[in-house]
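See below for the structure under consideration.
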Amino acid sequence: MNPHEYNALHVLHVLSALVLIGFTFYAFAAPAASRKSVMIWTGVSSLLIFLTGIRMWQGIYAFAGGWAVVKLVAWLALSALAGMGYRRREKAGLFIWVALALSAISVVMVYIRPF
């Protein structure tokens, strides 16, 4: 993989992850009127995370490593949390902890790569 492509993908991936996490937390406390814009932002950032992550996984590791599958599951669950936050306001505290745990698992999988 070209180093410039890798750097661009990595920056876009991390920025998209920050946007997804930020808007997910915002969804837990935002008024119901903001749902459409929040869902647009989380959807676009989630798609960018998926596309850049798959390309980096393919280009660098040739789809090897179970740690990336764990990251995919964490990404899918984190992507679903914003919509769930609007539907179940009474469980916002639980969803915040779940989002923090999923984010921590994703970061650990990147740096440790246990399997």
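Every chain in the structure tokens takes a letter, A first, then B, and so on in the order presented; its residues are numbered from 1, and the ligands are numbered from 1 following the presented order.
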If we count only C-alpha atoms, what is near Arg55 (chain A) at a cut-off of 12 Å, once residues fewer than 4 positions away on the same chain are taken out, given as a CSV table (one decimal) with C-alpha atoms, in the first residue's frame?
chain,number,residue,atom,x,y,z
A,1,MET,CA,0.0,0.0,0.0
A,2,ASN,CA,1.2,3.5,-0.9
A,5,GLU,CA,-2.8,6.3,0.7
A,6,TYR,CA,-2.3,4.7,4.1
A,8,ALA,CA,-4.9,9.5,4.2
A,9,LEU,CA,-7.0,6.5,5.0
A,10,HIS,CA,-5.7,6.4,8.6
A,12,LEU,CA,-10.0,9.8,7.6
A,13,HIS,CA,-10.6,6.6,9.7
A,48,LEU,CA,-16.3,5.9,6.2
A,49,ILE,CA,-15.0,3.9,9.1
A,50,PHE,CA,-16.1,0.7,7.4
A,51,LEU,CA,-14.7,1.5,4.0
A,59,GLY,CA,-3.8,-3.5,2.0
A,60,ILE,CA,-1.6,-4.1,5.1
A,61,TYR,CA,-2.7,-7.4,6.5
A,62,ALA,CA,-4.3,-9.2,3.5
A,63,PHE,CA,-7.4,-9.9,5.6
A,68,ALA,CA,-10.1,-7.1,12.9
Would you tabulate, counting only C-alpha atoms, all residues of region 21-72 of chain A that have an atom at most 12 Å from an atom of region 88-93 of chain A, showing the closest pair of atoms and their distance in Å to one decimal, sorted by chain then ascending number, as a tab-separated table?
residue	atom	partner	partner_atom	distance
A:Thr24	CA	A:Ala92	CA	10.6
A:Phe25	CA	A:Ala92	CA	9.0
A:Tyr26	CA	A:Ala92	CA	10.6
A:Ala27	CA	A:Ala92	CA	9.1
A:Phe28	CA	A:Ala92	CA	5.6
A:Ala29	CA	A:Ala92	CA	7.9
A:Ala30	CA	A:Arg89	CA	10.0
A:Pro31	CA	A:Arg89	CA	10.4
A:Ala32	CA	A:Arg89	CA	10.2
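Atom pair CA of Ala74 (chain A) / CA of Leu102 (chain A): separated by 5.5 Å.
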